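Engineer: Could you have a look at this structure, given as structure tokens, before my questions?
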Amino acid sequence: FFFFFHSFYHKTTERNCTQVLHNNIIIECWIIVAPVASVASTMGPKKIPWILPALRFAVLFSACMMEIGALDEKPNFPPQEQKINIDSGVHLTNNYHSSRSADAFNVDAGNEYVDSKIKGSFLHSGEADSFCPLFANIEESVNFEKTLNIHIVPHTHDDVGWLKTVDQYFYGLNNTIQQAHVSLILDNVIHQLLDTNTNHNRTFTYVETAFFSRWYTALPSSDQKSLKRLISEGKFSFANGGWCMHDEATTHYMGMIDQTTLGHSFLKKELGVIPKVGWQIDPFGHSATQGTLMTSGFGFDALYFGRIHYVDLENRQKEAQCEGIWSSKTSPSSSPSASSSVFWGLTGSNRGNYGAPDNFCFDSLCADEPLVGLSEDDLRTRTRGFLNSVGIQASQTKGRNILLTMGSDFQYAQARKNYQNLDLLIDAVGQFLRDGTLNASDFFGDRFDSVRIFYSTPERYTSCKHADLMNSKQRPNTVKRDTSGYEVEESDAKFNPQNWAVKTGDFFPYADCDHCYWTGYFSSRQSLKRLERVGSSFLHAATQIDSMMKLYFSWYKNEPIPRVKERVKIKSTLGKPTRVPSWNSSPFYSLEDAMGVAQHHDAVAGTAKQHVAYDYAKLISSGISDANAFVTANLRRILLSASVSGGALDDLSYCPLLNETVCEVSKQAFENDDNEAIYVFVYNALAHMRSEAISLPVYEDVTYEAYQYNSHVDSWSHVQATLVPNMNYAQVAEAARFSLYLDALEMPPLGFVIFRITKSTTNFHSLSVKNSAVTPSLYHTSREATSSHASNTVTSEPRDEANNLRPRTLVIQSPDDIIINNDIISVKFDRSTGVIQSIQNIDEGGVILEIEQRYGFYTAFSNENSREPEKEDSFNVKGDGMCLPGYINAEGDEMPWLLGSANKWQNAGAYIFRPTTPKESLHTLSPKVPGSVLVFQSNLVTEVHAEFGELGQAPWIKQISRIFHGKNYVEVEYAVGPVPIDDCVGKEVIARYSSSIKNGGKFFSDSNGRQFVGRTLGNHSVFGKDVSLDIEPVASNFYPVNTAMFIEDDEHSFSVLVDRSQAGSSLSEGSLELIIQRRLLHDDSRGVGEPLNETDIGITPCPPFGDATRLGSGVIVKGIHLLKVGKARSGARIAREHMDQVFSRPHMFVASSSKQDQIRLRQLAEIGLKSPLPQNVMIISFVGLEEDDSFLVRLGHQFDDDESVDFSFPVEIDLQDLFPNKSIHSISEKTLSGNQDLSSWEQRRLSWDKTFRERRRKGVVNKASSVVVLEPLEIRTFEIIVK
């Protein structure tokens, strides 16, 4: 019965692949245990105590269960000795197994190619590929051009957080949400690659180094050696190699560089691996910066991805353009260093994803029937279906090589099953074509008459595609003409790689069906997007401070505070122990790790489950805390002498919650002791001098005296300070009642300014509350005023002691508009609402731009009343906020949007932006006319407050417009929320700025903070004819805005800068609008399985332990827009002037100490660059390497061609200026991630066009000096050793 049941169970439950192996072993255990237990039970209690058979039964059964448990634990390296049986009924001769490569077949048995086994799956530098040789002439290529190479690329895509947290994925926890166990995947893949009982050169490609590094470091040394052998043989390879597979729409280039560098550093130092291809298979659209800087900049020869606009995909399939050349030059004059051409290709058999061909996913998570166990006839039928699919894919691209991505999300946990079936597939294709039972002409026509199918890697495939291009140049690229004289592409020309289309710009927006535009995630989870930017900026500053200390203080490298937590390796060199720094020995590793994870395409993108988003935030916050502890501990060592009391500055800390007006140090400093002084250390991470107004949260309504330290004379000087009430629109319980603004003048590049703040003994206030009853001219602040007294002070209403959040109000009865200026800009506000009406840039010839400012929302589409009922059960389309009970691949071809129009059922969700109607107009929120407009004015900062809401309801958007002394922009701070959902309708909240600019539907948005990309309303930049223009005219015209967007005409320019990534568009003439918050009530059926509904308390557990209910009210999100107005055609220039300042705001470290403590300030005040770099140059990275005198420096030119008459030109930099008190010993230019010499990469780089060999110009390092040249928008990376 058991044997029969075992066989029957195996046959009938194969589709339930996740459980079948476990259950089969349980059955086999019972086969052994049951008879033993039965015999034991007959012995009776008189001969053997009854407990013994029970114990014997338990021991035997437990032993069997241990085998089950072993499935979820690391298998032993090396593999088992028994030979895997793949008996399909196909007769494979002994000669086939022993004498020829199992990877190579030729259809014509009389003209077989006898190929020796290729060593590994990719070829080492300089090693020729016998499957893809380069030919000197067309005659040599005749025999090969008719052979199709099918590259089988096993891989897994392991999201660094999505439905589960990073830890849950790695350890295989929380499988009630998703069956995914990364460490088990890697264990079992290596086990199969080490199997010596297969005739195949099995390969595997891995990407996510965040997971791999954790797994690798836990391996025994013997297993690490086995893995390194697989890598050296080409069986285990890496693509991309970053810490994660970063997003491309919502990431800043700083974060993209940092996370890739972290991954590449691990691979180089631990394994000696340098990845050679980009692998962005899952991100939801692809940026111009990714196509240049993040591909060729990292030393990649090609870039592969899965997702493009569905119309783009359909057109490319028809025209054999699913691969090609990507040149993201922004203009004909773009400098060659800022643009580059790379080869790009689609994955997933050109079907818009990255999985196996239909019906050929052999993973335990898939429902496709395996090949193993089929009869010969059934196997032949399946092989025919496979070749049909291959034939279609081959017809969609050029050349004689195609890529099959055999893997998907978290696949290969039971790798043996995958490889058994792939081995058999390779064997079957070769056998059936070789014996004539299948004919190549049935699948490929006369294009190919033979096939090679073999395990491969993305790197090897890239080399073969390059060979396709080079060999195609040996034959003419002919076309013929029809009777009308028009060129008609012949078949040979259609498939000639010389005719690859050149893609320019980017691949946004992405849509996978007619009503399915993935433009919502550009703004999903606004709080997390801001936290990611804060963490990235702090990491940038912390590594600089570390480097400055390393340069200035000898004790810092000789007697450092412990920088490494047991991560230093010891190895022997010539018998002498040597201290070798580990790849993760940085004191900032926890923050680097957290920020690397945060760049993942479901992290900063905002498309993970809610509990995963919480985990991302926790990781970033913890990383900031660790980095803060290290930096402040060393700052205290600089500031304090041994004689200073132990309590001085012991609370020195970075203030990460300034956006909430919270700083614990300043709160407690004056709470009980008026003898305390607050020290504020403000760090400038930019490479040039800057002046900024900084804000310190304070909790008491008293007079504060502020002083700035002057290191040149070792003394303090009084500075302006303005106390402004905090209206606490974000309703933060711990928020300070006031903000104390300080004028931080002339902050040195990569240096500190220092303030001391004490309570004043005099009755003096620096706050001015302006009454609009006075004439408009009195709103003009005098820049000549030296006192921090207000120019006009009126008596405020008595304070409500019970409500200290609103200490002063102002009644307005003015018939005139409010006008504020600082002699650089002048801003007019509506007298009754406080809304901006116009901005004048006095410095730019007095240009004035009328602006209509509005907030509003689009309602989110919900399919509750119109969805087709039969699809709800089959595909879980509704997405009612419940966690998925088990993992079903909800991305790609399982879903109904590939079967027809999604008009009736596609919801808006975390990914998808879809208004209720395609042409929905904005539902505007009226600015409140409260009878009073709150205005706070001083010489340093002026605030005008406004509120917005629906008629008859409480306002839920609050705005503060600020104008600062000496600045040419208006800062608009908004607080949004809780977004009301009482009407059971989700909302996309919009900030819209309308002007008189005639932009003709054209606007510009930045690409990851680098080049600006021109957008045209209604143009999706797809290949061929776009038939989707009128389907979703609102959603389809939003694009990612990472730092800025602008419009311009022949008279004006208008730019909006953002402090986090948002979706932006220009839907009407002269307007810019951005999605500043999203609150949705339905899932969009793209896998996340819950609505984007963030609340301020949390959620209950996911099923089966809870129902993922949201707790509390909707969150309140604060954000900032900078508004800038300029002259004609100057939009890019006025945006560029402040893009770096917005990313890297001054970093504040705050401490308290007794007024009597003597603090050594001169040492700290004097660190930094002695000479500022030019205004168009940014120090992107300044990182101290493990060796004491080595540094990694990245310099970036921050302007593109034709953006500025002052800054859009090459600039010379003397690297010696970065190292005061040191001399440069050597300079080595590197690729962007620093893992290889740039010159070596340039020499072996694959050429896809005619220009790349000319790319390196006078900008190469001059060996006789330390002067280098930066071309517009170029980033260069150097490893520098000083002495």
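FYI, nothing fancy with the structure tokens labels: chains A, B, ... in order, residues from 1 per chain, ligands from 1 as they appear.
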Hey, what's within 12 Å of Val1125 of chain A if we count only C-alpha atoms and toss same-chain stuff fewer than 2 positions away? As a ChimeraX atom specification, please?
Structural biologist: /A:824-827,838-851,968-970,995,997,1046-1049,1051-1057,1122-1123,1127-1135
Engineer: Could you give me, as a ChimeraX atom specification, the residues within 6 Å of segment 413-428 of chain A, counting only C-alpha atoms and dropping anything in the same chain fewer than 6 positions from it?
Structural biologist: /A:184-185,188-189,362-363,371-372
Engineer: Please measure the separation of atom CA of Trp1241 of chain A and atom CA of Asp1189 of chain A, giving the value in Å to one decimal.
Structural biologist: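 About the pair atom CA of Trp1241 of chain A and atom CA of Asp1189 of chain A: they are 25.1 Å apart.
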Engineer: Could you give me, as JSON lines, a per-residue list for segment 1107-1160 of chain A showing, wherever an atom lies at most 10 Å from an atom of segment 1088-1100 of chain A, the closest pair of atoms and their distance in Å to one decimal, using only C-alpha atoms and sorting by chain then residue number from low to high?
Structural biologist:
{"residue": "A:Asp1107", "atom": "CA", "partner": "A:Thr1100", "partner_atom": "CA", "distance": 6.4}
{"residue": "A:Ala1108", "atom": "CA", "partner": "A:Thr1100", "partner_atom": "CA", "distance": 4.8}
{"residue": "A:Thr1109", "atom": "CA", "partner": "A:Thr1100", "partner_atom": "CA", "distance": 5.3}
{"residue": "A:Arg1110", "atom": "CA", "partner": "A:Ile1099", "partner_atom": "CA", "distance": 4.5}
{"residue": "A:Leu1111", "atom": "CA", "partner": "A:Gly1098", "partner_atom": "CA", "distance": 5.2}
{"residue": "A:Gly1112", "atom": "CA", "partner": "A:Ile1097", "partner_atom": "CA", "distance": 5.0}
{"residue": "A:Ser1113", "atom": "CA", "partner": "A:Thr1095", "partner_atom": "CA", "distance": 5.2}
{"residue": "A:Gly1114", "atom": "CA", "partner": "A:Thr1095", "partner_atom": "CA", "distance": 4.2}
{"residue": "A:Val1115", "atom": "CA", "partner": "A:Thr1095", "partner_atom": "CA", "distance": 5.0}
{"residue": "A:Ile1116", "atom": "CA", "partner": "A:Asp1096", "partner_atom": "CA", "distance": 8.1}
Engineer: Could you list, as a VMD selection string, every residue within 8 Å of Asp830 of chain A, counting only C-alpha atoms and ignoring same-chain residues fewer than 4 positions away?
Structural biologist: chain A and resid 817 to 818 834 to 837
Engineer: State, in Å with one decimal place, the distance from atom CA of Glu700 of chain A to atom CA of Pro656 of chain A.
Structural biologist: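 Here the two named atoms are 20.7 Å from each other.
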Engineer: Interatomic distance between atom CA of Gln498 of chain A and atom CA of Arg400 of chain A?
Structural biologist: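 Result for atom CA of Gln498 of chain A versus atom CA of Arg400 of chain A: 13.0 Å, one decimal.
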Engineer: May I ask which of the residues A:Val311, A:Val719, A:Leu1238, A:Val207 is the closest one to Trp279 of chain A, counting only C-alpha atoms?
Structural biologist: A:Val207
Engineer: Determine which residues of segment 116-260 of chain A receive a DSSP assignment of strand (DSSP E), computed from the backbone, and state them as an MDAnalysis selection string.
Structural biologist: chainID A and resid 147:154 204:206 236:238
Engineer: Produce a file of the selected residues containing C-alpha atoms, as a PDB file, in the first residue's frame.
Structural biologist:
ATOM      1  CA  THR A 147      24.131  27.762 -36.378  1.00  0.00           C
ATOM      2  CA  LEU A 148      21.954  29.196 -33.620  1.00  0.00           C
ATOM      3  CA  ASN A 149      23.507  29.342 -30.159  1.00  0.00           C
ATOM      4  CA  ILE A 150      20.971  28.956 -27.346  1.00  0.00           C
ATOM      5  CA  HIS A 151      22.436  30.248 -24.100  1.00  0.00           C
ATOM      6  CA  ILE A 152      20.789  28.646 -21.072  1.00  0.00           C
ATOM      7  CA  VAL A 153      21.373  30.982 -18.104  1.00  0.00           C
ATOM      8  CA  PRO A 154      20.220  29.579 -14.758  1.00  0.00           C
ATOM      9  CA  PHE A 204      24.651  29.727 -12.287  1.00  0.00           C
ATOM     10  CA  THR A 205      24.460  33.526 -12.181  1.00  0.00           C
ATOM     11  CA  TYR A 206      23.959  35.494  -8.991  1.00  0.00           C
ATOM     12  CA  PHE A 236      29.381  30.288 -10.741  1.00  0.00           C
ATOM     13  CA  SER A 237      29.311  33.865 -11.990  1.00  0.00           C
ATOM     14  CA  PHE A 238      28.126  37.288 -10.931  1.00  0.00           C
TER      15      PHE A 238
END
Engineer: Using only C-alpha atoms, determine which residues lie at most 6 Å from segment 601-611 of chain A, disregarding the query and same-chain residues fewer than 3 positions distant; provide the list as a list of chain:residue names.
Structural biologist: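 These residues fall inside the cut-off: A:Trp162, A:Leu163, A:His246, A:Asp247, A:Thr250, A:Pro283, A:Tyr521, A:Ser524, A:Arg525, A:Lys529, A:Ala598, A:Tyr614, A:Ala910.
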Engineer: Write the selection just made, keeping C-alpha atoms, as a PDB file, in the first residue's frame?
Structural biologist:
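Ended up saving to selection02.pdb:
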ATOM      1  CA  TRP A 162       9.765  42.852  -0.689  1.00  0.00           C
ATOM      2  CA  LEU A 163       7.066  40.617   0.763  1.00  0.00           C
ATOM      3  CA  HIS A 246      18.875  49.075  -7.385  1.00  0.00           C
ATOM      4  CA  ASP A 247      15.834  50.927  -8.572  1.00  0.00           C
ATOM      5  CA  THR A 250      13.575  56.781  -7.405  1.00  0.00           C
ATOM      6  CA  PRO A 283      13.281  47.431 -12.014  1.00  0.00           C
ATOM      7  CA  TYR A 521       5.705  54.185  -7.316  1.00  0.00           C
ATOM      8  CA  SER A 524       4.987  55.733  -3.047  1.00  0.00           C
ATOM      9  CA  ARG A 525       6.015  55.908   0.633  1.00  0.00           C
ATOM     10  CA  LYS A 529      11.985  58.078   0.307  1.00  0.00           C
ATOM     11  CA  ALA A 598      17.577  50.786   0.675  1.00  0.00           C
ATOM     12  CA  TYR A 614       9.243  49.431   8.656  1.00  0.00           C
ATOM     13  CA  ALA A 910       1.739  50.856  -4.862  1.00  0.00           C
TER      14      ALA A 910
END
Engineer: Each residue of segment 1170-1281 of chain A lying at most 12 Å from segment 286-292 of chain A should get a row with its shortest atom-to-atom pair and the distance in Å to one decimal, counting only C-alpha atoms; could you produce that, ordered by chain and increasing number, as CSV?
Structural biologist:
residue,atom,partner,partner_atom,distance
A:Leu1232,CA,A:Thr292,CA,11.4
A:Leu1273,CA,A:Thr289,CA,10.9
A:Glu1274,CA,A:Thr292,CA,10.6
A:Ile1275,CA,A:Thr292,CA,11.2
Engineer: Near Asp258 of chain A, counting only C-alpha atoms, which residues have an atom at most 10 Å away, once you skip same-chain residues fewer than 4 positions from it, shown as a list of chain:residue names?
Structural biologist: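 So, after excluding close chain neighbours, the residues are A:Gly242, A:Trp243, A:Tyr253, A:Met254, A:Leu262, A:Gly263, A:His264, A:Ser536, A:Leu539, A:His540, A:Glu592, A:Asp593, A:Met595, A:Gly596, A:Gln599, A:Ile1180, A:Ser1181, A:Leu1232, A:Ser1233.
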Engineer: Which of these, A:Tyr412, A:Phe630, A:Phe755, A:Phe553, has the shortest distance to Cys361 of chain A once you count only C-alpha atoms?
Structural biologist: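 Among A:Tyr412, A:Phe630, A:Phe755, A:Phe553, it is A:Tyr412 that comes nearest to Cys361 of chain A.
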Engineer: Tell me which of A:Tyr974, A:Phe522, A:Trp583, A:Tyr704 sits closest to Asn659 of chain A, counting only C-alpha atoms.
Structural biologist: A:Tyr974
Engineer: Do you know which residues are at most 8 Å from Tyr461 of chain A counting only C-alpha atoms, after dropping those on the same chain fewer than 4 positions away, and could you put them as a PyMOL selection string?
Structural biologist: chain A and resi 151+401-403+456-457+465
Engineer: So which one's closest to Arg202 of chain A, A:Phe738, A:Phe1003, A:Phe266, A:Tyr455? Using only C-alpha atoms, please.
Structural biologist: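 Comparing A:Phe738, A:Phe1003, A:Phe266, A:Tyr455 against Arg202 of chain A, the winner is A:Tyr455.
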Engineer: Using only C-alpha atoms, determine which residues lie at most 8 Å from segment 511-519 of chain A, disregarding the query and same-chain residues fewer than 2 positions distant; provide the list as a count of residues only.
Structural biologist: 27
